[in-house]
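Asker: Just so it is clear, I am handing over start.pdb, which has PDB, C-alpha atoms and all ligand atoms.
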ATOM      1  CA  MET A   1     -20.385-108.248 -26.899
ATOM      2  CA  THR A   2     -21.065-111.945 -26.423
ATOM      3  CA  THR A   3     -24.179-111.640 -28.544
ATOM      4  CA  VAL A   4     -22.214-110.028 -31.389
ATOM      5  CA  ALA A   5     -19.546-112.756 -31.152
ATOM      6  CA  THR A   6     -22.213-115.469 -31.172
ATOM      7  CA  GLN A   7     -23.958-113.856 -34.119
ATOM      8  CA  THR A   8     -20.678-113.581 -36.059
ATOM      9  CA  LEU A   9     -19.932-117.222 -35.354
ATOM     10  CA  THR A  10     -23.351-118.262 -36.561
ATOM     11  CA  VAL A  11     -22.933-116.279 -39.785
ATOM     12  CA  HIS A  12     -19.532-117.954 -40.373
ATOM     13  CA  GLN A  13     -20.928-121.369 -39.552
ATOM     14  CA  LYS A  14     -23.817-120.840 -41.961
ATOM     15  CA  ALA A  15     -21.438-119.714 -44.726
ATOM     16  CA  ALA A  16     -19.170-122.740 -44.128
ATOM     17  CA  ARG A  17     -22.142-125.110 -44.132
ATOM     18  CA  SER A  18     -23.505-123.656 -47.349
ATOM     19  CA  SER A  19     -20.034-123.925 -48.957
ATOM     20  CA  VAL A  20     -19.942-127.617 -48.030
ATOM     21  CA  ALA A  21     -23.435-128.033 -49.534
ATOM     22  CA  MET A  22     -22.227-126.319 -52.751
ATOM     23  CA  LYS A  23     -19.203-128.623 -52.927
ATOM     24  CA  VAL A  24     -21.412-131.687 -52.511
ATOM     25  CA  LEU A  25     -23.739-130.366 -55.230
ATOM     26  CA  MET A  26     -20.747-129.856 -57.514
ATOM     27  CA  ALA A  27     -19.410-133.345 -56.771
ATOM     28  CA  VAL A  28     -22.748-135.119 -57.305
ATOM     29  CA  THR A  29     -23.648-133.267 -60.539
ATOM     30  CA  GLY A  30     -20.071-133.862 -61.767
ATOM     31  CA  ILE A  31     -20.422-137.597 -61.139
ATOM     32  CA  PHE A  32     -23.653-137.721 -63.185
ATOM     33  CA  LEU A  33     -21.857-135.922 -66.026
ATOM     34  CA  ILE A  34     -18.950-138.392 -65.887
ATOM     35  CA  LEU A  35     -21.397-141.333 -66.035
ATOM     36  CA  PHE A  36     -22.966-139.772 -69.130
ATOM     37  CA  LEU A  37     -19.525-139.414 -70.738
ATOM     38  CA  LEU A  38     -18.626-143.061 -70.056
ATOM     39  CA  MET A  39     -21.923-144.147 -71.649
ATOM     40  CA  HIS A  40     -21.443-141.775 -74.609
ATOM     41  CA  ALA A  41     -17.885-142.995 -75.272
ATOM     42  CA  TRP A  42     -19.052-146.617 -75.114
ATOM     43  CA  GLY A  43     -21.921-145.830 -77.532
ATOM     44  CA  ASN A  44     -19.510-144.187 -80.005
ATOM     45  CA  LEU A  45     -17.447-147.380 -80.155
ATOM     46  CA  LYS A  46     -20.442-149.000 -81.875
ATOM     47  CA  ALA A  47     -19.203-147.306 -85.065
ATOM     48  CA  PHE A  48     -16.653-150.157 -85.266
ATOM     49  CA  PHE A  49     -19.587-152.551 -85.798
ATOM     50  CA  GLY A  50     -20.936-150.682 -88.810
ATOM     51  CA  PRO A  51     -23.700-148.202 -89.689
ATOM     52  CA  GLU A  52     -26.626-150.343 -88.464
ATOM     53  CA  ALA A  53     -25.130-150.849 -85.001
ATOM     54  CA  TYR A  54     -24.257-147.150 -84.603
ATOM     55  CA  ASP A  55     -27.542-145.759 -85.958
ATOM     56  CA  HIS A  56     -29.601-148.290 -84.031
ATOM     57  CA  TYR A  57     -27.938-147.200 -80.809
ATOM     58  CA  ALA A  58     -28.552-143.483 -81.638
ATOM     59  CA  GLU A  59     -32.177-144.301 -82.500
ATOM     60  CA  TRP A  60     -32.692-146.344 -79.330
ATOM     61  CA  LEU A  61     -31.406-143.429 -77.256
ATOM     62  CA  LYS A  62     -34.161-141.255 -78.690
ATOM     63  CA  SER A  63     -37.112-143.628 -78.769
ATOM     64  CA  ASP A  64     -37.504-146.773 -76.709
ATOM     65  CA  ILE A  65     -35.867-146.331 -73.306
ATOM     66  CA  LEU A  66     -38.284-146.983 -70.388
ATOM     67  CA  TYR A  67     -41.130-147.642 -72.895
ATOM     68  CA  PRO A  68     -43.928-148.586 -72.068
ATOM     69  CA  LEU A  69     -43.361-147.117 -68.585
ATOM     70  CA  ILE A  70     -43.232-143.699 -70.279
ATOM     71  CA  PRO A  71     -44.338-142.905 -73.880
ATOM     72  CA  LYS A  72     -41.851-143.448 -76.726
ATOM     73  CA  GLY A  73     -39.528-140.482 -77.227
ATOM     74  CA  TRP A  74     -39.952-139.023 -73.749
ATOM     75  CA  PHE A  75     -36.809-140.451 -72.217
ATOM     76  CA  ILE A  76     -34.411-138.355 -74.287
ATOM     77  CA  TRP A  77     -36.157-135.137 -73.194
ATOM     78  CA  ILE A  78     -36.218-136.090 -69.509
ATOM     79  CA  PHE A  79     -32.560-137.007 -69.895
ATOM     80  CA  ARG A  80     -31.691-133.703 -71.646
ATOM     81  CA  VAL A  81     -33.447-131.609 -68.997
ATOM     82  CA  PHE A  82     -31.611-133.569 -66.295
ATOM     83  CA  MET A  83     -28.218-133.106 -68.039
ATOM     84  CA  VAL A  84     -28.757-129.353 -68.555
ATOM     85  CA  ALA A  85     -29.784-129.040 -64.875
ATOM     86  CA  CYS A  86     -26.578-130.859 -63.860
ATOM     87  CA  ILE A  87     -24.418-128.559 -66.034
ATOM     88  CA  VAL A  88     -26.137-125.387 -64.758
ATOM     89  CA  LEU A  89     -25.920-126.444 -61.078
ATOM     90  CA  HIS A  90     -22.311-127.590 -61.540
ATOM     91  CA  MET A  91     -21.302-124.234 -63.049
ATOM     92  CA  ALA A  92     -23.351-122.143 -60.613
ATOM     93  CA  SER A  93     -21.766-123.834 -57.583
ATOM     94  CA  ALA A  94     -18.290-123.406 -59.156
ATOM     95  CA  TYR A  95     -19.032-119.710 -59.649
ATOM     96  CA  VAL A  96     -20.281-119.119 -56.085
ATOM     97  CA  LEU A  97     -17.369-121.085 -54.548
ATOM     98  CA  THR A  98     -14.869-119.131 -56.694
ATOM     99  CA  LEU A  99     -16.304-115.801 -55.533
ATOM    100  CA  ARG A 100     -16.223-116.946 -51.916
ATOM    101  CA  SER A 101     -12.674-118.245 -52.115
ATOM    102  CA  LEU A 102     -11.422-115.038 -53.781
ATOM    103  CA  GLY A 103     -13.323-112.926 -51.248
ATOM    104  CA  GLY A 104     -11.994-114.934 -48.310
ATOM    105  CA  ARG A 105      -8.364-115.018 -49.378
ATOM    106  CA  GLY A 106      -8.045-111.549 -50.840
ATOM    107  CA  LYS A 107      -6.005-110.924 -53.938
ATOM    108  CA  TYR A 108      -2.658-110.905 -52.108
ATOM    109  CA  GLN A 109      -3.111-114.376 -50.679
ATOM    110  CA  ARG A 110      -3.790-116.574 -53.650
ATOM    111  CA  LYS A 111      -3.027-120.299 -53.435
ATOM    112  CA  ASP A 112       0.581-121.152 -54.239
ATOM    113  CA  ARG A 113       0.187-122.144 -57.910
ATOM    114  CA  ARG A 114       3.446-124.153 -57.855
ATOM    115  CA  THR A 115       1.918-126.695 -55.464
ATOM    116  CA  GLN A 116      -1.208-127.174 -57.618
ATOM    117  CA  THR A 117      -1.390-129.615 -60.555
ATOM    118  CA  PHE A 118      -1.929-128.250 -64.080
ATOM    119  CA  ALA A 119      -5.436-129.778 -63.994
ATOM    120  CA  ALA A 120      -6.288-127.991 -60.728
ATOM    121  CA  ARG A 121      -4.997-124.644 -61.997
ATOM    122  CA  THR A 122      -7.051-124.823 -65.186
ATOM    123  CA  MET A 123     -10.412-125.884 -63.704
ATOM    124  CA  ARG A 124     -12.180-122.543 -64.208
ATOM    125  CA  TRP A 125     -10.892-121.570 -67.653
ATOM    126  CA  GLY A 126     -10.965-125.235 -68.674
ATOM    127  CA  GLY A 127     -14.654-125.288 -67.766
ATOM    128  CA  VAL A 128     -15.387-122.227 -69.921
ATOM    129  CA  ILE A 129     -13.437-123.580 -72.951
ATOM    130  CA  LEU A 130     -15.212-126.895 -72.454
ATOM    131  CA  LEU A 131     -18.610-125.235 -72.616
ATOM    132  CA  MET A 132     -17.726-123.496 -75.895
ATOM    133  CA  LEU A 133     -16.507-126.731 -77.480
ATOM    134  CA  LEU A 134     -19.635-128.507 -76.229
ATOM    135  CA  LEU A 135     -21.768-125.854 -77.968
ATOM    136  CA  PHE A 136     -19.792-126.480 -81.173
ATOM    137  CA  HIS A 137     -20.390-130.232 -80.772
ATOM    138  CA  LEU A 138     -24.134-129.934 -80.154
ATOM    139  CA  GLY A 139     -24.498-127.292 -82.879
ATOM    140  CA  GLU A 140     -22.887-129.707 -85.323
ATOM    141  CA  PHE A 141     -24.462-133.089 -84.540
ATOM    142  CA  THR A 142     -27.601-132.513 -82.473
ATOM    143  CA  ILE A 143     -29.080-129.072 -83.189
ATOM    144  CA  GLY A 144     -27.885-128.699 -86.814
ATOM    145  CA  TRP A 145     -26.647-125.073 -86.662
ATOM    146  CA  PHE A 146     -23.944-126.056 -89.170
ATOM    147  CA  ARG A 147     -22.615-129.210 -90.826
ATOM    148  CA  THR A 148     -19.080-130.382 -91.481
ATOM    149  CA  GLY A 149     -19.175-132.287 -94.779
ATOM    150  CA  PHE A 150     -22.573-134.026 -94.500
ATOM    151  CA  ASN A 151     -26.105-133.107 -95.603
ATOM    152  CA  ALA A 152     -29.211-132.316 -93.567
ATOM    153  CA  GLY A 153     -30.932-135.623 -92.799
ATOM    154  CA  ALA A 154     -27.649-137.617 -92.779
ATOM    155  CA  THR A 155     -27.683-140.570 -90.382
ATOM    156  CA  PRO A 156     -25.491-140.191 -87.256
ATOM    157  CA  TYR A 157     -23.015-142.721 -88.751
ATOM    158  CA  THR A 158     -22.680-140.838 -92.065
ATOM    159  CA  ALA A 159     -22.336-137.529 -90.211
ATOM    160  CA  VAL A 160     -19.597-138.849 -87.924
ATOM    161  CA  VAL A 161     -17.636-140.505 -90.776
ATOM    162  CA  ALA A 162     -17.856-137.399 -93.016
ATOM    163  CA  THR A 163     -16.675-135.250 -90.110
ATOM    164  CA  PHE A 164     -13.647-137.264 -89.055
ATOM    165  CA  GLN A 165     -12.356-137.745 -92.576
ATOM    166  CA  GLN A 166     -11.100-134.180 -92.070
ATOM    167  CA  TRP A 167      -7.896-134.023 -90.025
ATOM    168  CA  TRP A 168      -8.592-130.591 -88.524
ATOM    169  CA  LEU A 169     -11.834-131.843 -87.014
ATOM    170  CA  VAL A 170     -10.046-134.831 -85.474
ATOM    171  CA  LEU A 171      -7.589-132.318 -83.976
ATOM    172  CA  LEU A 172     -10.415-130.088 -82.740
ATOM    173  CA  TYR A 173     -12.116-133.095 -81.110
ATOM    174  CA  ALA A 174      -8.806-134.154 -79.553
ATOM    175  CA  LEU A 175      -8.686-130.656 -78.019
ATOM    176  CA  PHE A 176     -12.338-130.964 -76.909
ATOM    177  CA  VAL A 177     -11.988-134.429 -75.368
ATOM    178  CA  GLY A 178      -8.515-133.530 -73.987
ATOM    179  CA  THR A 179     -10.003-130.499 -72.202
ATOM    180  CA  VAL A 180     -12.762-132.726 -70.793
ATOM    181  CA  CYS A 181     -10.218-135.250 -69.538
ATOM    182  CA  ILE A 182      -7.888-132.673 -67.954
ATOM    183  CA  HIS A 183     -10.963-131.232 -66.224
ATOM    184  CA  LEU A 184     -11.949-134.723 -65.055
ATOM    185  CA  ARG A 185      -8.489-135.594 -63.794
ATOM    186  CA  HIS A 186      -8.854-132.956 -61.095
ATOM    187  CA  GLY A 187     -12.671-133.172 -60.874
ATOM    188  CA  ILE A 188     -12.735-136.860 -59.905
ATOM    189  CA  TRP A 189     -10.128-136.229 -57.229
ATOM    190  CA  SER A 190     -12.051-133.207 -55.865
ATOM    191  CA  ALA A 191     -15.441-134.922 -55.932
ATOM    192  CA  MET A 192     -14.141-137.978 -54.069
ATOM    193  CA  THR A 193     -12.384-135.759 -51.517
ATOM    194  CA  THR A 194     -15.617-133.793 -50.948
ATOM    195  CA  LEU A 195     -17.516-137.055 -50.485
ATOM    196  CA  GLY A 196     -15.070-138.193 -47.817
ATOM    197  CA  ALA A 197     -12.855-140.704 -49.660
ATOM    198  CA  ASN A 198      -9.557-138.850 -49.119
ATOM    199  CA  THR A 199      -8.846-140.214 -45.651
ATOM    200  CA  SER A 200      -5.185-141.297 -45.635
ATOM    201  CA  PRO A 201      -2.006-141.049 -47.755
ATOM    202  CA  LYS A 202      -2.831-144.483 -49.213
ATOM    203  CA  ALA A 203      -6.413-143.434 -50.058
ATOM    204  CA  ARG A 204      -4.988-140.256 -51.621
ATOM    205  CA  ARG A 205      -2.680-142.324 -53.853
ATOM    206  CA  VAL A 206      -5.557-144.590 -54.908
ATOM    207  CA  LEU A 207      -7.730-141.554 -55.689
ATOM    208  CA  ASN A 208      -4.953-139.974 -57.702
ATOM    209  CA  TYR A 209      -4.377-143.103 -59.814
ATOM    210  CA  THR A 210      -8.140-143.640 -60.267
ATOM    211  CA  ALA A 211      -8.553-140.062 -61.522
ATOM    212  CA  ILE A 212      -5.670-140.481 -64.001
ATOM    213  CA  PHE A 213      -6.899-143.927 -65.110
ATOM    214  CA  VAL A 214     -10.505-142.810 -65.787
ATOM    215  CA  SER A 215      -9.348-139.681 -67.667
ATOM    216  CA  VAL A 216      -6.885-141.566 -69.888
ATOM    217  CA  LEU A 217      -9.422-144.355 -70.506
ATOM    218  CA  LEU A 218     -12.081-141.850 -71.508
ATOM    219  CA  PHE A 219      -9.692-139.994 -73.833
ATOM    220  CA  ALA A 220      -8.740-143.248 -75.568
ATOM    221  CA  ALA A 221     -12.357-144.483 -75.779
ATOM    222  CA  PHE A 222     -13.548-141.228 -77.379
ATOM    223  CA  MET A 223     -10.621-140.684 -79.764
ATOM    224  CA  VAL A 224     -10.057-144.201 -81.120
ATOM    225  CA  MET A 225     -13.082-143.924 -83.428
ATOM    226  CA  PRO A 226     -12.257-140.512 -85.014
ATOM    227  CA  VAL A 227      -8.647-141.661 -85.543
ATOM    228  CA  ALA A 228      -9.875-144.922 -87.127
ATOM    229  CA  VAL A 229     -12.106-142.908 -89.513
ATOM    230  CA  LEU A 230      -9.230-140.563 -90.419
ATOM    231  CA  PHE A 231      -6.961-143.476 -91.350
ATOM    232  CA  GLY A 232      -9.660-145.348 -93.282
ATOM    233  CA  GLY A 233     -10.372-148.095 -90.707
ATOM    234  CA  ILE A 234     -14.021-147.000 -90.567
ATOM    235  CA  LYS A 235     -15.674-145.934 -93.848
TER     236      LYS A 235
HETATM  237  C1  LIG A 301     -14.910-138.050 -80.245
HETATM  238  C2  LIG A 301     -15.786-137.627 -79.398
HETATM  239  C3  LIG A 301     -17.285-137.541 -79.632
HETATM  240  C4  LIG A 301     -18.062-137.979 -80.685
HETATM  241  C5  LIG A 301     -17.627-138.697 -81.945
HETATM  242  C6  LIG A 301     -19.427-137.657 -80.371
HETATM  243  C7  LIG A 301     -20.521-137.921 -81.187
HETATM  244  C8  LIG A 301     -21.805-137.509 -80.950
HETATM  245  C9  LIG A 301     -22.926-137.660 -81.859
HETATM  246  C10 LIG A 301     -22.842-138.314 -83.232
HETATM  247  C11 LIG A 301     -24.012-137.137 -81.250
HETATM  248  C12 LIG A 301     -25.425-137.051 -81.837
HETATM  249  C13 LIG A 301     -26.197-138.306 -81.613
HETATM  250  C14 LIG A 301     -27.531-138.173 -82.299
HETATM  251  O1  LIG A 301     -28.128-137.086 -82.272
HETATM  252  O2  LIG A 301     -27.993-139.141 -82.842
HETATM  253  C15 LIG A 301     -23.599-136.638 -79.963
HETATM  254  C16 LIG A 301     -24.440-136.053 -79.036
HETATM  255  C17 LIG A 301     -24.031-135.512 -77.847
HETATM  256  N1  LIG A 301     -22.750-135.473 -77.353
HETATM  257 FE1  LIG A 301     -21.135-136.227 -78.238
HETATM  258  N2  LIG A 301     -19.463-137.028 -79.144
HETATM  259  C18 LIG A 301     -18.165-136.938 -78.662
HETATM  260  C19 LIG A 301     -17.750-136.356 -77.480
HETATM  261  C20 LIG A 301     -18.588-135.733 -76.587
HETATM  262  C21 LIG A 301     -18.142-135.114 -75.362
HETATM  263  C22 LIG A 301     -16.683-135.075 -74.883
HETATM  264  C23 LIG A 301     -19.261-134.597 -74.757
HETATM  265  C24 LIG A 301     -19.402-133.831 -73.467
HETATM  266  C25 LIG A 301     -18.458-133.110 -72.910
HETATM  267  C26 LIG A 301     -20.396-134.904 -75.598
HETATM  268  C27 LIG A 301     -21.691-134.569 -75.323
HETATM  269  C28 LIG A 301     -22.768-134.834 -76.140
HETATM  270  C29 LIG A 301     -24.128-134.463 -75.812
HETATM  271  C30 LIG A 301     -24.596-133.728 -74.540
HETATM  272  C31 LIG A 301     -24.934-134.897 -76.877
HETATM  273  C32 LIG A 301     -26.430-134.713 -77.041
HETATM  274  C33 LIG A 301     -27.210-135.910 -76.589
HETATM  275  C34 LIG A 301     -28.653-135.630 -76.893
HETATM  276  O3  LIG A 301     -29.253-134.886 -76.139
HETATM  277  O4  LIG A 301     -29.143-136.098 -77.900
HETATM  278  N3  LIG A 301     -19.943-135.598 -76.704
HETATM  279  N4  LIG A 301     -22.262-136.875 -79.804
END
What does this structure look like when you write it as structure tokens?

Answerer:
Amino acid sequence: MTTVATQTLTVHQKAARSSVAMKVLMAVTGIFLILFLLMHAWGNLKAFFGPEAYDHYAEWLKSDILYPLIPKGWFIWIFRVFMVACIVLHMASAYVLTLRSLGGRGKYQRKDRRTQTFAARTMRWGGVILLMLLLFHLGEFTIGWFRTGFNAGATPYTAVVATFQQWWLVLLYALFVGTVCIHLRHGIWSAMTTLGANTSPKARRVLNYTAIFVSVLLFAAFMVMPVAVLFGGIK
């Protein structure tokens, strides 16, 4: 009897420990993705300084970083592999944790949705919509599956300006970036809680405001350029 109880406890302990490990993995990969987004939004603002500044930045990203430590052009591929690994690990841990939480609670004991924020309630579907919009984004600008008003071989600056002269694409990007930011609003909070920052009511308030501040800042930093193109401020 005791042996069975001990064994059961060990199985539960192992499951709990592996869930904590998954949460840490999700938090750490999420933080890398947020850092990428902050850098990407900052890079996009270069469009305000003209075609040379924007295209030079896009070119630099693909050629010179860490050269001569590594050969020219390697950085972007190391970076891409790292980013894809982060996205896959982030989604895989979300998937496993979702299955565990549904399994553990049972379908009659779901969390009380009224006490959750909109951002928290939409994490899973938000993540899926986000992935689809990201595929649209990469298909358009990076992979070249389709083009929205520019030719093959257009510079990044020309491609971006041609795209955002169309109002529906500005709206679509507002939806894309908005989904990212709603996801982040809860994600930052969750990641910091997992990493042990949510220790008191005051810390909770600070975390909450930080999550809102970073999400709003990122939304503004991404969208100011497309809106400026739409209204003729960037040509
Ligand atoms: C208004 C918002 C955005 C604009 C104008 C924009 C613009 C661009 C452009 C022009 C490129 C291609 C750069 C090049 O190949 O030279 C690019 C690449 C990329 N963007 Fe965005 N982006 C925006 C938002 C986002 C968001 C919200 C995400 C992620 C959720 C994202 C993720 C990426 C990724 C992963 C790449 C590929 C980087 C690479 O491997 O080369 N972008 N973006």

Asker: I'd like the contact shell of segment 11-27 of chain A - 6 Å cut-off, all atoms listed in the file, skipping same-chain residues fewer than 6 positions apart - returned as a ChimeraX atom specification.

Answerer: /A:90,93,191

Asker: Quick one: residues within 8 Å of ligand LIG 301 (chain A), with only C-alpha atoms and all ligand atoms, as number ranges by chain?

Answerer: A: 37, 40-41, 44, 55, 58-59, 61-62, 76-77, 79-80, 83, 130-131, 134, 137-138, 141-142, 155-157, 159-160, 170, 173-174, 176-177, 180, 222-226

Asker: I'd like to see the residues matched by the PyMOL selection byres (((chain A and resi 218) around 8) and not hetatm) on this file, and ideally I'd get them as a CSV table (one decimal) with C-alpha atoms, in the coordinates of the input.

Answerer:
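Now in part_34.csv:
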chain,number,residue,atom,x,y,z
A,37,LEU,CA,-19.5,-139.4,-70.7
A,38,LEU,CA,-18.6,-143.1,-70.1
A,41,ALA,CA,-17.9,-143.0,-75.3
A,181,CYS,CA,-10.2,-135.2,-69.5
A,214,VAL,CA,-10.5,-142.8,-65.8
A,215,SER,CA,-9.3,-139.7,-67.7
A,216,VAL,CA,-6.9,-141.6,-69.9
A,217,LEU,CA,-9.4,-144.4,-70.5
A,219,PHE,CA,-9.7,-140.0,-73.8
A,220,ALA,CA,-8.7,-143.2,-75.6
A,221,ALA,CA,-12.4,-144.5,-75.8
A,222,PHE,CA,-13.5,-141.2,-77.4

Asker: Within 10 Å of (-15.2, -125.7, -65.7) (coordinates as in the file), grab all the protein and nucleic acid residues, counting only C-alpha atoms, and write them out as a ChimeraX atom specification.

Answerer: /A:87,90-91,94-95,122-131,179-180,183-184,187

Asker: Between A:Leu33, A:Ile188, A:Ala154, A:Leu45, which one has atoms that come closest to Phe82 of chain A, using all atoms listed in the file?

Answerer: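 Closest candidate: A:Leu33.
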
Asker: For the structure shown, which residues end up in the PyMOL selection byres (((chain A and resi 192) around 12) and not hetatm)? Put them as a list in words, please?

Answerer: Lys23, Val24, Met26, Ala27, Val28, Gly30, Ile31, Leu184, Arg185, His186, Gly187, Ile188, Trp189, Ser190, Ala191, Thr193, Thr194, Leu195, Gly196, Ala197, Asn198, Thr199, Ala203, Arg204, Val206, Leu207, Asn208, Thr210 and Ala211 of chain A

Asker: Could you work out how far atom CA of Leu133 of chain A lies from atom CA of Ala92 of chain A, giving the answer in Å with one decimal?

Answerer: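 Result for atom CA of Ala92 of chain A versus atom CA of Leu133 of chain A: 18.8 Å, one decimal.
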
Asker: Work out how far atom CA of Met132 of chain A is from atom CA of Trp167 of chain A, in Å to one decimal.

Answerer: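 Atom CA of Met132 of chain A lies 20.2 Å from atom CA of Trp167 of chain A.
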
Asker: What separation in Å, quoted to one decimal, exists between atom CA of Glu140 of chain A and atom CA of Leu66 of chain A?

Answerer: 27.5 Å

Asker: Using the chain letters and numbering of this document, enumerate as a PyMOL selection string the residues selected by the PyMOL selection byres (((chain A and resi 231) around 12) and not hetatm).

Answerer: chain A and resi 161+164-167+170+224-230+232-235

Asker: Please define a box with edges along x, y and z of the file around all atoms of segment 48-61 of chain A given in the file, extend it by 8 Å on each side, and return its centre and edge lengths in Å to one decimal, as JSON.

Answerer:
{"center_x": -24.7, "center_y": -148.0, "center_z": -83.5, "size_x": 32.0, "size_y": 25.1, "size_z": 28.4}

Asker: May I ask you to restore all heavy atoms in segment 193-200 of chain A and write the result as a PDB file, in the frame of the given file?

Answerer:
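Listing of out.pdb after writing:
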ATOM      1  N   THR A 193     -12.838-136.380 -52.764  1.00  0.00           N
ATOM      2  CA  THR A 193     -12.384-135.759 -51.517  1.00  0.00           C
ATOM      3  C   THR A 193     -13.579-135.131 -50.795  1.00  0.00           C
ATOM      4  O   THR A 193     -13.766-135.333 -49.586  1.00  0.00           O
ATOM      5  CB  THR A 193     -11.300-134.698 -51.823  1.00  0.00           C
ATOM      6  OG1 THR A 193     -10.225-135.362 -52.473  1.00  0.00           O
ATOM      7  CG2 THR A 193     -10.799-134.029 -50.571  1.00  0.00           C
ATOM      8  N   THR A 194     -14.421-134.402 -51.545  1.00  0.00           N
ATOM      9  CA  THR A 194     -15.617-133.793 -50.948  1.00  0.00           C
ATOM     10  C   THR A 194     -16.498-134.867 -50.315  1.00  0.00           C
ATOM     11  O   THR A 194     -17.059-134.675 -49.238  1.00  0.00           O
ATOM     12  CB  THR A 194     -16.439-133.061 -52.034  1.00  0.00           C
ATOM     13  OG1 THR A 194     -15.635-132.037 -52.575  1.00  0.00           O
ATOM     14  CG2 THR A 194     -17.713-132.457 -51.458  1.00  0.00           C
ATOM     15  N   LEU A 195     -16.610-136.018 -50.989  1.00  0.00           N
ATOM     16  CA  LEU A 195     -17.516-137.055 -50.485  1.00  0.00           C
ATOM     17  C   LEU A 195     -16.849-137.940 -49.419  1.00  0.00           C
ATOM     18  O   LEU A 195     -17.385-138.965 -49.028  1.00  0.00           O
ATOM     19  CB  LEU A 195     -18.056-137.901 -51.649  1.00  0.00           C
ATOM     20  CG  LEU A 195     -18.876-137.085 -52.668  1.00  0.00           C
ATOM     21  CD1 LEU A 195     -19.334-137.953 -53.827  1.00  0.00           C
ATOM     22  CD2 LEU A 195     -20.084-136.398 -52.031  1.00  0.00           C
ATOM     23  N   GLY A 196     -15.665-137.556 -48.991  1.00  0.00           N
ATOM     24  CA  GLY A 196     -15.070-138.193 -47.817  1.00  0.00           C
ATOM     25  C   GLY A 196     -14.158-139.382 -48.098  1.00  0.00           C
ATOM     26  O   GLY A 196     -13.841-140.145 -47.180  1.00  0.00           O
ATOM     27  N   ALA A 197     -13.689-139.536 -49.353  1.00  0.00           N
ATOM     28  CA  ALA A 197     -12.855-140.704 -49.660  1.00  0.00           C
ATOM     29  C   ALA A 197     -11.362-140.454 -49.434  1.00  0.00           C
ATOM     30  O   ALA A 197     -10.567-141.393 -49.419  1.00  0.00           O
ATOM     31  CB  ALA A 197     -13.093-141.137 -51.102  1.00  0.00           C
ATOM     32  N   ASN A 198     -10.978-139.188 -49.233  1.00  0.00           N
ATOM     33  CA  ASN A 198      -9.557-138.850 -49.119  1.00  0.00           C
ATOM     34  C   ASN A 198      -9.139-138.875 -47.644  1.00  0.00           C
ATOM     35  O   ASN A 198      -8.959-137.849 -47.008  1.00  0.00           O
ATOM     36  CB  ASN A 198      -9.364-137.445 -49.712  1.00  0.00           C
ATOM     37  CG  ASN A 198      -7.898-137.104 -49.896  1.00  0.00           C
ATOM     38  OD1 ASN A 198      -7.022-137.834 -49.438  1.00  0.00           O
ATOM     39  ND2 ASN A 198      -7.640-135.989 -50.547  1.00  0.00           N
ATOM     40  N   THR A 199      -8.987-140.103 -47.101  1.00  0.00           N
ATOM     41  CA  THR A 199      -8.846-140.214 -45.651  1.00  0.00           C
ATOM     42  C   THR A 199      -7.428-140.518 -45.164  1.00  0.00           C
ATOM     43  O   THR A 199      -7.150-140.413 -43.975  1.00  0.00           O
ATOM     44  CB  THR A 199      -9.756-141.347 -45.137  1.00  0.00           C
ATOM     45  OG1 THR A 199      -9.533-142.471 -45.979  1.00  0.00           O
ATOM     46  CG2 THR A 199     -11.217-140.938 -45.158  1.00  0.00           C
ATOM     47  N   SER A 200      -6.547-140.951 -46.066  1.00  0.00           N
ATOM     48  CA  SER A 200      -5.185-141.297 -45.635  1.00  0.00           C
ATOM     49  C   SER A 200      -4.245-141.140 -46.836  1.00  0.00           C
ATOM     50  O   SER A 200      -4.719-141.033 -47.968  1.00  0.00           O
ATOM     51  CB  SER A 200      -5.158-142.767 -45.187  1.00  0.00           C
ATOM     52  OG  SER A 200      -5.431-143.581 -46.309  1.00  0.00           O
TER      53      SER A 200
END
